[in-house]
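A short worksheet on the structure shown next.
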Amino acid sequence: MNTPAPPVGPSRRVALAIDALRHGWAIQLDGGLSLLPAETGFGPDITAPRMLISAARAATLKLANQREAAQPDAPVLIRGAEPFDLEAARAIADPALDLQYPLKGPFLAEPIANADAARAAMELARLAGVLPAFLVDFSPAGEVQPVASSDLDEWRDPARLKIASRAHLPVSASEHAEIIAFRSADDLREHVALVIGEQSGEQAPLVRLHSECLTGDILGSLKCDCGPQLDAALHAMAAEAAKGGWGVLLYLRQEGRGIGLINKLRAYRLQDQGFDTVDANNRLGLPTEARDFPVAARMLELLGVRAIRLMTNNPAKVSSLEAEGVVVSERVAHQLPANPHNARYLETKRDRTGHLLN
């Protein structure tokens, strides 16, 4: 006798949808919106009458005036004079192809029946690390992975994050450090915390939220200030420990402010063409800021930390943590000298994303 398979839950549907997008397979949102990722999709003679693109990419393609006035941040559903094939879809999705395919359109924007599903599609693309553009209403050649926009609520739930392991880890800044690894049943990213000094429940630790930056942290990139900031934060925490205090580094696995490594490198390429970091992300159709600060609050909760002294130049980090119930008793400035390669990047952070830099 065959036992029926248990029903697939929301988190598993999101995981399967992310996997499908990375492999170039189709997904179906909310039982009606069938989508094939423009970047990774494949198959012979695939065409579709419409495409779904992000609001930011629509603005780059001069379609901003066709977005619904009541929902200026909503994705845009476009129809061309001819059906879109995969080559045309990729030219619309990827700004690296803008010079190779300079003439696009004309396009007609059509109403989106389910804006929540369209936004969920953009979020799933970001989580999968692919460009946020889809063929819509194509003829699927195989299985289509179903997922609901509401499934993302459970996927994002930081309460599912748990401590997986911890160990003593002497580092160059301090021999008295402990590393704690965190893991969620849903997310493959494994965040870590490094506690320097003796943890005390009576004293607010010096805390740094540091998002992963492979190019800066490991390769010593001069395009950003991530590597020097990481090193300076660890030494500042070691100095705190020497005075009887302590510090916590939260190392968050959210490369490129949450857009992923490959998309970050695409943004770098656009920066080489003269765009600043905000405009580069927007040309890709991606948000300027997509980091998950609730997960940082959950990490602090699991460590038993309620109040912190936060090392940051970004007021948004302070407000984001406070919104999650973390008491930020002090914002500690964390600015390092610019170099010729990252001066414009730092100016953009000051002028366009509200960082408190002199």
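We name chains A, B, ... following the order of the structure tokens; residues begin at 1 in each chain, and ligands are numbered from 1 as shown.
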
(message) Show me, as a list in words, the residues that have an atom within 10 Å of Ala296 of chain A when counting only C-alpha atoms, minus same-chain residues fewer than 6 positions from it.
(response) Pro158, His191, Val192, Ala193, Leu209, His210, Leu250, Tyr251, Leu252, Leu302, Ser320, Leu321, Glu324 and Val326 of chain A

(request) Determine which residues of segment 67-293 of chain A receive a DSSP assignment of alpha helix (DSSP H), computed from the backbone, and state them as number ranges by chain. (result) A: 86-93, 115-128, 151-155, 226-242, 255-258, 261-272, 277-283, 293

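Checking A:Val8, A:Leu131, A:Ser221, A:Gly197 one by one against Ala96 of chain A, counting only C-alpha atoms, you find the shortest gap at A:Leu131.
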
I'd like the neighbourhood of Met237 of chain A as a CSV table (one decimal) with N, CA and C atoms, in the first residue's frame, where a residue qualifies if any of its atoms comes within 9 Å (using only C-alpha atoms), though same-chain residues fewer than 5 positions away should be ignored.
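Printed below is part.csv as written:
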chain,number,residue,atom,x,y,z
A,173,ALA,N,43.0,39.8,16.0
A,173,ALA,CA,42.7,40.9,16.9
A,173,ALA,C,42.6,40.5,18.3
A,174,SER,N,42.3,39.3,18.6
A,174,SER,CA,42.1,38.8,20.0
A,174,SER,C,42.2,37.3,20.1
A,195,VAL,N,32.2,36.6,19.2
A,195,VAL,CA,32.2,37.3,20.5
A,195,VAL,C,33.6,37.5,21.0
A,196,ILE,N,34.0,38.7,21.2
A,196,ILE,CA,35.3,39.0,21.7
A,196,ILE,C,35.2,39.5,23.1
A,197,GLY,N,36.0,38.9,24.0
A,197,GLY,CA,35.9,39.3,25.4
A,197,GLY,C,34.9,38.4,26.2
A,205,PRO,N,27.3,45.4,24.7
A,205,PRO,CA,28.5,45.2,23.9
A,205,PRO,C,28.6,46.1,22.8
A,206,LEU,N,29.9,46.3,22.3
A,206,LEU,CA,30.1,47.0,21.0
A,206,LEU,C,29.8,46.0,19.9
A,207,VAL,N,28.9,46.4,19.0
A,207,VAL,CA,28.4,45.5,18.0
A,207,VAL,C,28.6,46.1,16.6
A,232,ALA,N,39.0,46.9,11.4
A,232,ALA,CA,39.0,47.9,12.4
A,232,ALA,C,37.9,47.6,13.5
A,242,ALA,N,39.8,44.6,26.4
A,242,ALA,CA,41.0,44.9,27.3
A,242,ALA,C,40.6,45.8,28.4
A,245,GLY,N,35.2,45.3,28.8
A,245,GLY,CA,34.0,45.2,28.0
A,245,GLY,C,34.0,44.0,27.1
A,246,TRP,N,33.2,44.1,26.1
A,246,TRP,CA,33.1,43.0,25.1
A,246,TRP,C,32.5,43.5,23.8
A,247,GLY,N,32.6,42.7,22.8
A,247,GLY,CA,32.1,43.0,21.5
A,247,GLY,C,31.5,41.8,20.8
A,248,VAL,N,30.6,42.1,19.8
A,248,VAL,CA,30.0,41.1,19.0
A,248,VAL,C,30.0,41.5,17.5
A,249,LEU,N,30.7,40.7,16.7
A,249,LEU,CA,30.6,40.9,15.3
A,249,LEU,C,29.6,40.0,14.7

(request) For each of A:Glu212, A:Glu301, A:Asp225, A:Glu39, take the minimum atom-to-atom distance to Leu284 of chain A, counting only C-alpha atoms, then give the residue where this is smallest. (result) A:Glu39

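Nearest-residue note for Arg350 of chain A: choosing from A:Asn313, A:Ala239, A:Phe275, A:Pro44, the minimum distance belongs to A:Asn313, counting only C-alpha atoms.
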
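Residue nearest Glu82 of chain A within the list A:His168, A:Tyr101, A:Ser54, A:Ala48: A:Ala48 [criterion: smallest interatomic distance, only C-alpha atoms].
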
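Atom pair atom CA of Leu261 of chain A / atom CA of Ala120 of chain A: separated by 20.9 Å.
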
(request) State, in Å with one decimal place, the distance from atom CA of Gln229 of chain A to atom CA of Arg344 of chain A. (result) 16.9 Å

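With distances restricted to only C-alpha atoms, A:Ala280 is the closest residue to Asn263 of chain A from A:Ala280, A:Ala333, A:Ala181, A:Leu99.
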
(request) Can you pull out every residue within 10 Å of Arg352 of chain A, counting only C-alpha atoms, but drop anything in the same chain fewer than 4 positions away, and send it as a PyMOL selection string? (result) chain A and resi 276-278+288+346-348

(request) Run DSSP on the backbone and give me the residues of segment 132-273 of chain A it puts in strand (DSSP E), as number ranges by chain. (result) A: 133-136, 145-147, 161-168, 177-184, 191-197, 206-211, 246-252

Would you export the selected residues with N, CA and C atoms as a short mmCIF file (atom, residue, chain, number, x, y, z; two decimals), in the first residue's frame, please?
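Output below, filename out14.cif:
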data_model
loop_
_atom_site.label_atom_id
_atom_site.label_comp_id
_atom_site.auth_asym_id
_atom_site.auth_seq_id
_atom_site.Cartn_x
_atom_site.Cartn_y
_atom_site.Cartn_z
N ALA A 133 13.52 39.39 -14.19
CA ALA A 133 12.76 39.54 -15.44
C ALA A 133 12.28 38.16 -15.86
N PHE A 134 11.02 38.11 -16.34
CA PHE A 134 10.41 36.82 -16.64
C PHE A 134 9.61 36.89 -17.93
N LEU A 135 9.63 35.78 -18.67
CA LEU A 135 8.64 35.57 -19.71
C LEU A 135 7.33 35.15 -19.05
N VAL A 136 6.23 35.69 -19.56
CA VAL A 136 4.90 35.42 -18.98
C VAL A 136 4.00 34.79 -20.03
N GLN A 145 6.93 24.77 -11.24
CA GLN A 145 6.97 24.71 -9.79
C GLN A 145 5.98 25.71 -9.19
N PRO A 146 4.96 25.24 -8.47
CA PRO A 146 3.99 26.17 -7.86
C PRO A 146 4.54 26.79 -6.58
N VAL A 147 4.18 28.05 -6.34
CA VAL A 147 4.55 28.75 -5.12
C VAL A 147 3.54 29.88 -4.93
N LEU A 161 15.57 30.78 12.74
CA LEU A 161 17.03 30.74 12.88
C LEU A 161 17.41 30.21 14.26
N LYS A 162 18.36 29.28 14.30
CA LYS A 162 18.81 28.68 15.56
C LYS A 162 20.34 28.66 15.60
N ILE A 163 20.88 28.54 16.81
CA ILE A 163 22.33 28.32 16.96
C ILE A 163 22.63 26.88 16.61
N ALA A 164 23.59 26.69 15.68
CA ALA A 164 23.94 25.34 15.23
C ALA A 164 25.20 24.82 15.90
N SER A 165 26.17 25.71 16.16
CA SER A 165 27.43 25.27 16.77
C SER A 165 28.18 26.48 17.28
N ARG A 166 29.12 26.23 18.20
CA ARG A 166 29.97 27.31 18.71
C ARG A 166 31.30 26.73 19.16
N ALA A 167 32.35 27.56 19.09
CA ALA A 167 33.70 27.08 19.43
C ALA A 167 34.60 28.26 19.74
N HIS A 168 35.64 28.01 20.52
CA HIS A 168 36.67 29.02 20.76
C HIS A 168 37.44 29.25 19.47
N ALA A 177 38.26 34.86 21.76
CA ALA A 177 37.08 35.03 20.91
C ALA A 177 36.36 33.70 20.77
N GLU A 178 35.05 33.79 20.60
CA GLU A 178 34.22 32.61 20.38
C GLU A 178 33.40 32.83 19.13
N ILE A 179 33.34 31.82 18.27
CA ILE A 179 32.53 31.91 17.06
C ILE A 179 31.27 31.07 17.25
N ILE A 180 30.14 31.64 16.84
CA ILE A 180 28.84 30.97 16.95
C ILE A 180 28.21 30.95 15.57
N ALA A 181 27.81 29.77 15.12
CA ALA A 181 27.19 29.62 13.80
C ALA A 181 25.68 29.48 13.95
N PHE A 182 24.94 30.11 13.04
CA PHE A 182 23.49 30.09 13.06
C PHE A 182 22.98 29.48 11.75
N ARG A 183 21.91 28.73 11.87
CA ARG A 183 21.35 28.09 10.68
C ARG A 183 19.83 28.07 10.77
N SER A 184 19.19 28.24 9.61
CA SER A 184 17.73 28.15 9.51
C SER A 184 17.38 26.90 8.71
N HIS A 191 24.88 32.23 8.89
CA HIS A 191 25.45 33.44 9.47
C HIS A 191 26.29 33.06 10.69
N VAL A 192 27.24 33.92 11.05
CA VAL A 192 28.07 33.67 12.22
C VAL A 192 28.19 34.93 13.06
N ALA A 193 28.47 34.73 14.34
CA ALA A 193 28.80 35.82 15.26
C ALA A 193 30.16 35.52 15.87
N LEU A 194 30.95 36.54 16.07
CA LEU A 194 32.23 36.41 16.77
C LEU A 194 32.14 37.27 18.02
N VAL A 195 32.21 36.62 19.18
CA VAL A 195 32.16 37.32 20.46
C VAL A 195 33.58 37.48 20.97
N ILE A 196 33.97 38.72 21.21
CA ILE A 196 35.32 39.03 21.69
C ILE A 196 35.22 39.54 23.11
N GLY A 197 35.97 38.91 24.00
CA GLY A 197 35.92 39.28 25.41
C GLY A 197 34.92 38.42 26.17
N LEU A 206 29.86 46.30 22.27
CA LEU A 206 30.12 47.01 21.03
C LEU A 206 29.80 46.04 19.90
N VAL A 207 28.88 46.40 19.02
CA VAL A 207 28.37 45.48 18.00
C VAL A 207 28.58 46.06 16.61
N ARG A 208 29.00 45.21 15.71
CA ARG A 208 29.12 45.57 14.30
C ARG A 208 28.33 44.57 13.47
N LEU A 209 27.38 45.08 12.65
CA LEU A 209 26.71 44.24 11.65
C LEU A 209 27.52 44.35 10.37
N HIS A 210 28.11 43.25 9.96
CA HIS A 210 28.97 43.28 8.77
C HIS A 210 28.44 42.28 7.75
N SER A 211 27.97 42.81 6.62
CA SER A 211 27.47 41.93 5.57
C SER A 211 28.62 41.42 4.72
N TRP A 246 33.17 44.07 26.10
CA TRP A 246 33.13 42.97 25.13
C TRP A 246 32.49 43.47 23.84
N GLY A 247 32.61 42.65 22.81
CA GLY A 247 32.08 43.04 21.52
C GLY A 247 31.51 41.84 20.77
N VAL A 248 30.63 42.14 19.81
CA VAL A 248 30.01 41.09 18.99
C VAL A 248 30.04 41.54 17.53
N LEU A 249 30.68 40.74 16.70
CA LEU A 249 30.62 40.94 15.26
C LEU A 249 29.57 39.98 14.70
N LEU A 250 28.57 40.51 14.03
CA LEU A 250 27.61 39.67 13.32
C LEU A 250 28.00 39.67 11.85
N TYR A 251 28.43 38.52 11.36
CA TYR A 251 28.85 38.40 9.96
C TYR A 251 27.69 37.78 9.19
N LEU A 252 27.03 38.61 8.40
CA LEU A 252 25.78 38.23 7.74
C LEU A 252 26.04 37.84 6.30
#

(message) Using only C-alpha atoms, can you tell me which of A:Asp85, A:Asp187, A:Asp98, A:Asp153 comes closest to Leu61 of chain A?
(response) A:Asp98
